[in-house]
Structures are given as C-alpha cells and as structure tokens.
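What follows is structure26.txt (compact mmCIF, N, CA and C atoms).
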```txt
# COMPACT_ATOMS: atom_id res chain seq x y z
N MET U 1 -2.92 1.99 -15.72
CA MET U 1 -3.53 2.32 -14.45
C MET U 1 -3.52 3.84 -14.29
N ASN U 2 -4.42 4.51 -14.94
CA ASN U 2 -4.45 5.97 -14.93
C ASN U 2 -5.26 6.54 -13.79
N GLU U 3 -6.18 5.74 -13.23
CA GLU U 3 -7.02 6.30 -12.19
C GLU U 3 -6.22 6.52 -10.92
N LYS U 4 -6.62 7.53 -10.16
CA LYS U 4 -5.93 7.82 -8.91
C LYS U 4 -6.40 6.85 -7.84
N MET U 5 -5.45 6.22 -7.20
CA MET U 5 -5.76 5.30 -6.11
C MET U 5 -5.65 6.07 -4.80
N LYS U 6 -6.40 5.62 -3.81
CA LYS U 6 -6.35 6.26 -2.50
C LYS U 6 -6.37 5.20 -1.40
N ILE U 7 -5.89 5.60 -0.23
CA ILE U 7 -6.00 4.76 0.95
C ILE U 7 -7.48 4.72 1.32
N ALA U 8 -8.06 3.54 1.42
CA ALA U 8 -9.47 3.40 1.77
C ALA U 8 -9.65 3.00 3.22
N LYS U 9 -8.67 2.31 3.79
CA LYS U 9 -8.76 1.83 5.17
C LYS U 9 -7.35 1.62 5.69
N ILE U 10 -7.14 1.96 6.95
CA ILE U 10 -5.85 1.70 7.60
C ILE U 10 -6.06 0.53 8.54
N ILE U 11 -5.45 -0.61 8.21
CA ILE U 11 -5.60 -1.82 9.01
C ILE U 11 -4.69 -1.75 10.24
N SER U 12 -3.44 -1.34 10.02
CA SER U 12 -2.46 -1.25 11.11
C SER U 12 -1.37 -0.29 10.67
N THR U 13 -0.31 -0.18 11.47
CA THR U 13 0.80 0.69 11.09
C THR U 13 1.63 0.08 9.97
N LYS U 14 1.33 -1.14 9.58
CA LYS U 14 2.08 -1.82 8.54
C LYS U 14 1.24 -2.21 7.33
N GLN U 15 -0.09 -2.00 7.39
CA GLN U 15 -0.96 -2.50 6.33
C GLN U 15 -2.15 -1.58 6.10
N VAL U 16 -2.45 -1.34 4.81
CA VAL U 16 -3.58 -0.49 4.42
C VAL U 16 -4.37 -1.17 3.31
N VAL U 17 -5.57 -0.64 3.05
CA VAL U 17 -6.38 -1.08 1.93
C VAL U 17 -6.42 0.06 0.92
N ILE U 18 -6.21 -0.26 -0.34
CA ILE U 18 -6.23 0.70 -1.44
C ILE U 18 -7.57 0.54 -2.17
N ASN U 19 -8.14 1.63 -2.68
CA ASN U 19 -9.43 1.58 -3.36
C ASN U 19 -9.33 1.18 -4.83
N ALA U 20 -8.39 0.32 -5.17
CA ALA U 20 -8.25 -0.21 -6.53
C ALA U 20 -7.75 -1.64 -6.41
N GLY U 21 -8.15 -2.47 -7.37
CA GLY U 21 -7.75 -3.87 -7.31
C GLY U 21 -7.45 -4.43 -8.69
N SER U 22 -7.80 -5.70 -8.89
CA SER U 22 -7.51 -6.35 -10.18
C SER U 22 -8.24 -5.67 -11.33
N ASP U 23 -9.42 -5.10 -11.07
CA ASP U 23 -10.13 -4.37 -12.13
C ASP U 23 -9.31 -3.19 -12.65
N ALA U 24 -8.42 -2.65 -11.81
CA ALA U 24 -7.56 -1.53 -12.21
C ALA U 24 -6.17 -2.01 -12.62
N GLY U 25 -5.96 -3.32 -12.67
CA GLY U 25 -4.68 -3.86 -13.12
C GLY U 25 -3.66 -4.13 -12.03
N LEU U 26 -4.05 -4.00 -10.76
CA LEU U 26 -3.10 -4.28 -9.68
C LEU U 26 -2.87 -5.78 -9.55
N LYS U 27 -1.62 -6.15 -9.18
CA LYS U 27 -1.25 -7.53 -8.96
C LYS U 27 -0.41 -7.62 -7.68
N PRO U 28 -0.42 -8.78 -7.02
CA PRO U 28 0.46 -8.95 -5.86
C PRO U 28 1.91 -8.66 -6.26
N GLY U 29 2.61 -7.94 -5.41
CA GLY U 29 4.00 -7.59 -5.68
C GLY U 29 4.17 -6.21 -6.30
N ASP U 30 3.07 -5.62 -6.79
CA ASP U 30 3.17 -4.26 -7.35
C ASP U 30 3.65 -3.30 -6.28
N LYS U 31 4.55 -2.41 -6.66
CA LYS U 31 5.08 -1.41 -5.74
C LYS U 31 4.31 -0.11 -5.92
N LEU U 32 3.90 0.49 -4.81
CA LEU U 32 3.15 1.73 -4.82
C LEU U 32 3.86 2.77 -3.95
N GLU U 33 3.53 4.02 -4.18
CA GLU U 33 4.09 5.10 -3.37
C GLU U 33 2.95 6.00 -2.92
N ILE U 34 2.93 6.31 -1.65
CA ILE U 34 1.95 7.26 -1.10
C ILE U 34 2.56 8.63 -1.29
N ILE U 35 1.81 9.55 -1.89
CA ILE U 35 2.38 10.87 -2.18
C ILE U 35 1.71 11.97 -1.38
N ASP U 36 2.44 13.05 -1.23
CA ASP U 36 1.97 14.24 -0.52
C ASP U 36 2.19 15.41 -1.47
N LYS U 37 1.20 16.22 -1.63
CA LYS U 37 1.34 17.39 -2.50
C LYS U 37 2.13 18.47 -1.76
N PHE U 38 3.03 19.12 -2.47
CA PHE U 38 3.79 20.24 -1.91
C PHE U 38 3.06 21.51 -2.32
N GLY U 39 2.15 21.92 -1.48
CA GLY U 39 1.36 23.12 -1.79
C GLY U 39 0.32 22.83 -2.86
N THR U 40 -0.42 23.84 -3.24
CA THR U 40 -1.45 23.68 -4.25
C THR U 40 -1.15 24.50 -5.50
N ASP U 41 -0.12 25.34 -5.44
CA ASP U 41 0.23 26.16 -6.59
C ASP U 41 1.00 25.32 -7.60
N PRO U 42 0.51 25.26 -8.85
CA PRO U 42 1.23 24.48 -9.85
C PRO U 42 2.53 25.18 -10.27
N VAL U 43 3.49 24.37 -10.70
CA VAL U 43 4.73 24.89 -11.27
C VAL U 43 4.41 25.24 -12.73
N LYS U 44 4.82 26.44 -13.15
CA LYS U 44 4.51 26.90 -14.51
C LYS U 44 5.76 26.91 -15.38
N ASP U 45 5.59 26.55 -16.64
CA ASP U 45 6.68 26.62 -17.61
C ASP U 45 7.00 28.10 -17.83
N PRO U 46 8.29 28.51 -17.68
CA PRO U 46 8.64 29.92 -17.82
C PRO U 46 8.44 30.48 -19.24
N ASP U 47 8.48 29.61 -20.23
CA ASP U 47 8.32 30.08 -21.61
C ASP U 47 6.86 30.12 -22.06
N THR U 48 6.11 29.09 -21.72
CA THR U 48 4.74 28.99 -22.24
C THR U 48 3.67 29.36 -21.21
N GLY U 49 4.04 29.37 -19.93
CA GLY U 49 3.06 29.61 -18.88
C GLY U 49 2.20 28.39 -18.59
N GLU U 50 2.45 27.31 -19.31
CA GLU U 50 1.68 26.07 -19.13
C GLU U 50 1.94 25.49 -17.74
N SER U 51 0.88 24.97 -17.12
CA SER U 51 1.02 24.31 -15.82
C SER U 51 1.74 22.99 -16.01
N LEU U 52 2.79 22.78 -15.22
CA LEU U 52 3.55 21.53 -15.27
C LEU U 52 3.10 20.56 -14.20
N GLY U 53 2.15 20.99 -13.38
CA GLY U 53 1.67 20.15 -12.29
C GLY U 53 2.20 20.64 -10.96
N THR U 54 1.95 19.85 -9.92
CA THR U 54 2.44 20.20 -8.59
C THR U 54 3.58 19.26 -8.21
N LEU U 55 4.36 19.66 -7.25
CA LEU U 55 5.47 18.83 -6.78
C LEU U 55 4.92 17.80 -5.81
N ASP U 56 5.16 16.55 -6.12
CA ASP U 56 4.71 15.46 -5.25
C ASP U 56 5.88 14.95 -4.44
N LEU U 57 5.68 14.80 -3.15
CA LEU U 57 6.71 14.29 -2.26
C LEU U 57 6.28 12.93 -1.73
N PRO U 58 7.21 11.97 -1.61
CA PRO U 58 6.83 10.66 -1.10
C PRO U 58 6.52 10.69 0.39
N LYS U 59 5.43 10.02 0.77
CA LYS U 59 5.05 9.87 2.18
C LYS U 59 5.34 8.46 2.68
N GLY U 60 5.36 7.51 1.76
CA GLY U 60 5.60 6.13 2.14
C GLY U 60 5.57 5.22 0.94
N GLU U 61 6.07 4.01 1.14
CA GLU U 61 6.09 2.99 0.09
C GLU U 61 5.22 1.83 0.51
N LEU U 62 4.63 1.15 -0.48
CA LEU U 62 3.76 0.01 -0.22
C LEU U 62 4.05 -1.08 -1.24
N ILE U 63 3.77 -2.33 -0.85
CA ILE U 63 3.82 -3.46 -1.77
C ILE U 63 2.48 -4.17 -1.67
N VAL U 64 1.83 -4.38 -2.81
CA VAL U 64 0.53 -5.04 -2.84
C VAL U 64 0.71 -6.50 -2.43
N SER U 65 -0.08 -6.95 -1.44
CA SER U 65 0.03 -8.32 -0.97
C SER U 65 -1.18 -9.18 -1.31
N LYS U 66 -2.36 -8.60 -1.40
CA LYS U 66 -3.58 -9.36 -1.70
C LYS U 66 -4.47 -8.47 -2.56
N VAL U 67 -5.01 -9.03 -3.63
CA VAL U 67 -5.80 -8.24 -4.56
C VAL U 67 -7.22 -8.80 -4.67
N TYR U 68 -8.18 -7.91 -4.58
CA TYR U 68 -9.59 -8.20 -4.82
C TYR U 68 -9.97 -7.43 -6.08
N PRO U 69 -11.17 -7.66 -6.64
CA PRO U 69 -11.52 -6.93 -7.86
C PRO U 69 -11.46 -5.40 -7.71
N LYS U 70 -11.97 -4.85 -6.61
CA LYS U 70 -12.06 -3.40 -6.48
C LYS U 70 -11.20 -2.82 -5.36
N MET U 71 -10.40 -3.65 -4.70
CA MET U 71 -9.53 -3.15 -3.64
C MET U 71 -8.33 -4.08 -3.51
N ALA U 72 -7.32 -3.59 -2.79
CA ALA U 72 -6.12 -4.39 -2.57
C ALA U 72 -5.56 -4.07 -1.19
N ILE U 73 -4.96 -5.08 -0.59
CA ILE U 73 -4.24 -4.88 0.67
C ILE U 73 -2.78 -4.65 0.31
N ALA U 74 -2.19 -3.62 0.92
CA ALA U 74 -0.79 -3.30 0.65
C ALA U 74 -0.05 -3.14 1.97
N ASP U 75 1.18 -3.60 2.00
CA ASP U 75 2.00 -3.61 3.21
C ASP U 75 3.20 -2.69 3.07
N SER U 76 3.70 -2.23 4.21
CA SER U 76 4.98 -1.51 4.17
C SER U 76 6.04 -2.53 3.78
N PRO U 77 7.05 -2.11 3.00
CA PRO U 77 8.06 -3.08 2.54
C PRO U 77 8.95 -3.56 3.67
N ARG U 78 9.50 -4.75 3.49
CA ARG U 78 10.47 -5.29 4.44
C ARG U 78 11.85 -4.78 4.03
N LYS U 79 12.64 -4.40 5.00
CA LYS U 79 13.98 -3.87 4.75
C LYS U 79 14.99 -4.72 5.52
N PRO U 80 16.22 -4.78 5.03
CA PRO U 80 17.25 -5.51 5.79
C PRO U 80 17.38 -4.93 7.20
N SER U 81 17.56 -5.81 8.18
CA SER U 81 17.69 -5.31 9.55
C SER U 81 19.04 -4.67 9.81
N ILE U 82 20.00 -4.91 8.92
CA ILE U 82 21.29 -4.24 9.02
C ILE U 82 21.31 -3.18 7.93
N ALA U 83 21.20 -1.93 8.32
CA ALA U 83 21.01 -0.83 7.37
C ALA U 83 22.18 -0.66 6.41
N TYR U 84 23.39 -0.96 6.83
CA TYR U 84 24.55 -0.67 6.00
C TYR U 84 24.85 -1.76 4.96
N VAL U 85 24.07 -2.82 4.91
CA VAL U 85 24.29 -3.88 3.93
C VAL U 85 23.29 -3.71 2.80
N PRO U 86 23.71 -3.24 1.63
CA PRO U 86 22.77 -3.04 0.53
C PRO U 86 22.10 -4.36 0.15
N GLY U 87 20.78 -4.36 0.15
CA GLY U 87 20.03 -5.56 -0.22
C GLY U 87 19.98 -6.62 0.85
N GLY U 88 20.70 -6.41 1.95
CA GLY U 88 20.68 -7.38 3.05
C GLY U 88 21.55 -8.59 2.77
N ILE U 89 21.51 -9.52 3.68
CA ILE U 89 22.28 -10.76 3.57
C ILE U 89 21.27 -11.89 3.44
N PRO U 90 21.40 -12.77 2.42
CA PRO U 90 20.44 -13.87 2.29
C PRO U 90 20.32 -14.66 3.58
N GLY U 91 19.10 -14.90 3.99
CA GLY U 91 18.85 -15.65 5.22
C GLY U 91 18.92 -14.80 6.49
N PHE U 92 19.37 -13.56 6.37
CA PHE U 92 19.44 -12.69 7.53
C PHE U 92 18.09 -12.00 7.71
N PRO U 93 17.67 -11.78 8.94
CA PRO U 93 16.33 -11.23 9.16
C PRO U 93 16.12 -9.83 8.55
N THR U 94 14.88 -9.60 8.18
CA THR U 94 14.47 -8.29 7.72
C THR U 94 13.43 -7.76 8.70
N ILE U 95 13.18 -6.46 8.62
CA ILE U 95 12.15 -5.87 9.47
C ILE U 95 11.14 -5.15 8.58
N GLN U 96 9.93 -5.08 9.08
CA GLN U 96 8.89 -4.34 8.37
C GLN U 96 8.67 -3.05 9.14
N ARG U 97 9.01 -1.95 8.51
CA ARG U 97 8.90 -0.65 9.17
C ARG U 97 7.46 -0.20 9.22
N ASP U 98 7.14 0.61 10.23
CA ASP U 98 5.81 1.18 10.36
C ASP U 98 5.59 2.28 9.33
N LEU U 99 4.37 2.37 8.84
CA LEU U 99 3.95 3.51 8.02
C LEU U 99 3.60 4.64 8.97
N ASN U 100 3.78 5.86 8.56
CA ASN U 100 3.47 7.02 9.39
C ASN U 100 1.97 7.33 9.28
N VAL U 101 1.15 6.46 9.86
CA VAL U 101 -0.30 6.61 9.77
C VAL U 101 -0.85 7.38 10.95
N ASP U 102 -2.03 7.96 10.76
CA ASP U 102 -2.74 8.63 11.84
C ASP U 102 -3.31 7.52 12.73
N PRO U 103 -2.81 7.35 13.96
CA PRO U 103 -3.26 6.24 14.79
C PRO U 103 -4.76 6.25 15.08
N LYS U 104 -5.38 7.42 15.01
CA LYS U 104 -6.83 7.50 15.25
C LYS U 104 -7.62 6.87 14.11
N GLN U 105 -6.97 6.64 12.95
CA GLN U 105 -7.67 6.08 11.81
C GLN U 105 -7.43 4.59 11.62
N ILE U 106 -6.69 3.96 12.53
CA ILE U 106 -6.47 2.52 12.45
C ILE U 106 -7.77 1.82 12.87
N THR U 107 -8.31 1.01 11.96
CA THR U 107 -9.58 0.34 12.24
C THR U 107 -9.45 -1.17 12.31
N GLY U 108 -8.26 -1.70 12.15
CA GLY U 108 -8.09 -3.14 12.23
C GLY U 108 -8.36 -3.82 10.90
N GLY U 109 -8.17 -5.12 10.90
CA GLY U 109 -8.26 -5.86 9.66
C GLY U 109 -9.42 -6.81 9.59
N PHE U 110 -9.10 -8.05 9.28
CA PHE U 110 -10.11 -9.06 9.07
C PHE U 110 -10.76 -9.46 10.39
N PRO U 111 -12.03 -9.81 10.35
CA PRO U 111 -12.63 -10.36 11.57
C PRO U 111 -12.02 -11.72 11.85
N LYS U 112 -12.07 -12.16 13.09
CA LYS U 112 -11.51 -13.47 13.44
C LYS U 112 -12.38 -14.56 12.83
N SER U 113 -11.74 -15.67 12.48
CA SER U 113 -12.45 -16.81 11.93
C SER U 113 -13.44 -17.33 12.97
N SER U 114 -14.55 -17.83 12.49
CA SER U 114 -15.57 -18.34 13.41
C SER U 114 -15.11 -19.61 14.10
N GLY U 115 -14.11 -20.27 13.54
CA GLY U 115 -13.62 -21.51 14.12
C GLY U 115 -14.49 -22.71 13.77
N GLU U 116 -15.53 -22.47 12.95
CA GLU U 116 -16.42 -23.56 12.58
C GLU U 116 -15.71 -24.53 11.64
N GLN U 117 -16.18 -25.77 11.64
CA GLN U 117 -15.62 -26.78 10.75
C GLN U 117 -16.03 -26.48 9.31
N ILE U 118 -15.24 -27.01 8.38
CA ILE U 118 -15.54 -26.87 6.96
C ILE U 118 -16.77 -27.71 6.66
N LYS U 119 -17.72 -27.11 5.89
CA LYS U 119 -18.97 -27.79 5.58
C LYS U 119 -19.28 -27.71 4.09
N VAL U 120 -20.13 -28.61 3.62
CA VAL U 120 -20.62 -28.55 2.25
C VAL U 120 -21.33 -27.21 2.08
N GLY U 121 -21.03 -26.52 1.00
CA GLY U 121 -21.64 -25.22 0.75
C GLY U 121 -20.75 -24.05 1.11
N ASP U 122 -19.60 -24.31 1.80
CA ASP U 122 -18.66 -23.23 2.11
C ASP U 122 -18.10 -22.65 0.83
N ILE U 123 -17.83 -21.36 0.81
CA ILE U 123 -17.30 -20.67 -0.35
C ILE U 123 -15.81 -21.00 -0.54
N VAL U 124 -15.41 -21.22 -1.77
CA VAL U 124 -14.02 -21.50 -2.13
C VAL U 124 -13.61 -20.49 -3.20
N ILE U 125 -12.42 -19.90 -3.07
CA ILE U 125 -11.93 -18.94 -4.07
C ILE U 125 -10.58 -19.41 -4.60
N LYS U 126 -10.26 -19.01 -5.82
CA LYS U 126 -8.97 -19.34 -6.42
C LYS U 126 -7.94 -18.34 -5.97
N ARG U 127 -6.80 -18.79 -5.49
CA ARG U 127 -5.69 -17.92 -5.09
C ARG U 127 -4.78 -17.72 -6.28
N SER U 128 -4.20 -16.52 -6.37
CA SER U 128 -3.27 -16.26 -7.47
C SER U 128 -1.87 -16.58 -7.05
```
Would you mind giving the structure from this file in structure tokens?
Amino acid sequence: MNEKMKIAKIISTKQVVINAGSDAGLKPGDKLEIIDKFGTDPVKDPDTGESLGTLDLPKGELIVSKVYPKMAIADSPRKPSIAYVPGGIPGFPTIQRDLNVDPKQITGGFPKSSGEQIKVGDIVIKRS
C-alpha cells in the first residue's frame, strides 16, 4: 500500500471516509494513523546532504470498519473506560474517543433507509 491515503469525508467526530479501499489492499480491522507534517523543511543527512524526509507527527488513530473498492470507512479506536488498566478488563465498557476534526467539515453519513419492503430486484452484496 504505497499510495498516500487521505481523509475524503468526515462523517462525525468518530468516523471518517478514506480515499482508498480494497483496491489498495485495505481490510476491516486495519489500523491507520492520521499524520501532520512538522514544517516543510526536510531533515538532511549531515554527511551526504541527502533529504531524509520530513518529521511526521500523529494527529489521530483510525481502525478500518467497512471497505469498498475505492474507499473505506474508518472509526476512532475504542479505549478502556478505565485509563489505568492496560488493555482494559474483559466485559468492562470501553469508550470511543472523538477525533479532533474540524466541526465545519462534518457532513454526516449514510442517508436514512427508505423503509420500503424488500422486493424482487433489490441489490444484494456479499459481506466480508
């Protein structure tokens, strides 16, 4: 997965759409990191002068929850609700933290179901 992925849509403070999907090798459960560049000046090797790249800082973490061919839905990870217990306690509640998104860019998610009955000719897809 060499291509650069980007946030394509912000569904909510807990869910985003990425502009890469199964065509790029993404699968449900894949862990992603949103990065922030630290400046635009590359770090240079002191001996060769070669550019080593820029310093990337984490902005947030995501877990892929639903994959389409060219896009994927990713959620903020769930964390134990008791911070001092590493890994949490089995059966104890977890919380899903908000992503630090620009609230003006939240556009919502799926349209509501029409509520119509299932009919001959309705589309069916295979779930992974």
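All residues of protein, DNA or RNA that reach within 6 Å of stretch 58-72 of chain U, judged by all atoms listed in the file and not counting those fewer than 2 positions away in the chain, are Val16, Val17, Ile18, Asn19, Ala20, Gly21, Ser22, Asp23, Ala24, Lys27, Pro28, Gly29, Asp30, Lys31, Leu32, Glu33, Ile34, Ile35, Asp36, Asp56, Ala74, Asp75, Ser76 and Pro77 of chain U.
From atom CA of U:Arg97 back to atom CA of U:Gln15, the distance works out to 10.4 Å.
One distance worth recording is that between atom CA of U:Ile106 and atom CA of U:Ile7, which is 11.7 Å.
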If we count only C-alpha atoms and set the cut-off at 12 Å, which residues sit around U:Lys44, ignoring sequence neighbours fewer than 4 positions away in its own chain? Please answer as a ChimeraX atom specification. /U:48-55
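Between atom N of U:Ser12 and atom C of U:Lys79 lies a distance of 19.3 Å.
The closest residue to U:Lys14, picked from U:Asp45, U:Ile73, U:Asp98, U:Leu26 and counting only N, CA and C atoms, is U:Asp98.
Only residues having an atom at most 8 Å from (-7.5, 6.1, 8.3) are included; using only C-alpha atoms, these are Ile7, Ala8, Lys9, Ile10, Val101, Asp102, Pro103, Lys104, Gln105, Ile106 and Thr107 of chain U.
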Output file for the selection above: N, CA and C atoms, as a CSV table (one decimal), in the coordinates of the input:
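Wrote it out as out24.csv, contents follow:
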```
chain,number,residue,atom,x,y,z
U,7,ILE,N,-5.9,5.6,-0.2
U,7,ILE,CA,-6.0,4.8,1.0
U,7,ILE,C,-7.5,4.7,1.3
U,8,ALA,N,-8.1,3.5,1.4
U,8,ALA,CA,-9.5,3.4,1.8
U,8,ALA,C,-9.6,3.0,3.2
U,9,LYS,N,-8.7,2.3,3.8
U,9,LYS,CA,-8.8,1.8,5.2
U,9,LYS,C,-7.4,1.6,5.7
U,10,ILE,N,-7.1,2.0,7.0
U,10,ILE,CA,-5.8,1.7,7.6
U,10,ILE,C,-6.1,0.5,8.5
U,101,VAL,N,1.2,6.5,9.9
U,101,VAL,CA,-0.3,6.6,9.8
U,101,VAL,C,-0.8,7.4,11.0
U,102,ASP,N,-2.0,8.0,10.8
U,102,ASP,CA,-2.7,8.6,11.8
U,102,ASP,C,-3.3,7.5,12.7
U,103,PRO,N,-2.8,7.4,14.0
U,103,PRO,CA,-3.3,6.2,14.8
U,103,PRO,C,-4.8,6.2,15.1
U,104,LYS,N,-5.4,7.4,15.0
U,104,LYS,CA,-6.8,7.5,15.2
U,104,LYS,C,-7.6,6.9,14.1
U,105,GLN,N,-7.0,6.6,13.0
U,105,GLN,CA,-7.7,6.1,11.8
U,105,GLN,C,-7.4,4.6,11.6
U,106,ILE,N,-6.7,4.0,12.5
U,106,ILE,CA,-6.5,2.5,12.4
U,106,ILE,C,-7.8,1.8,12.9
U,107,THR,N,-8.3,1.0,12.0
U,107,THR,CA,-9.6,0.3,12.2
U,107,THR,C,-9.4,-1.2,12.3
```
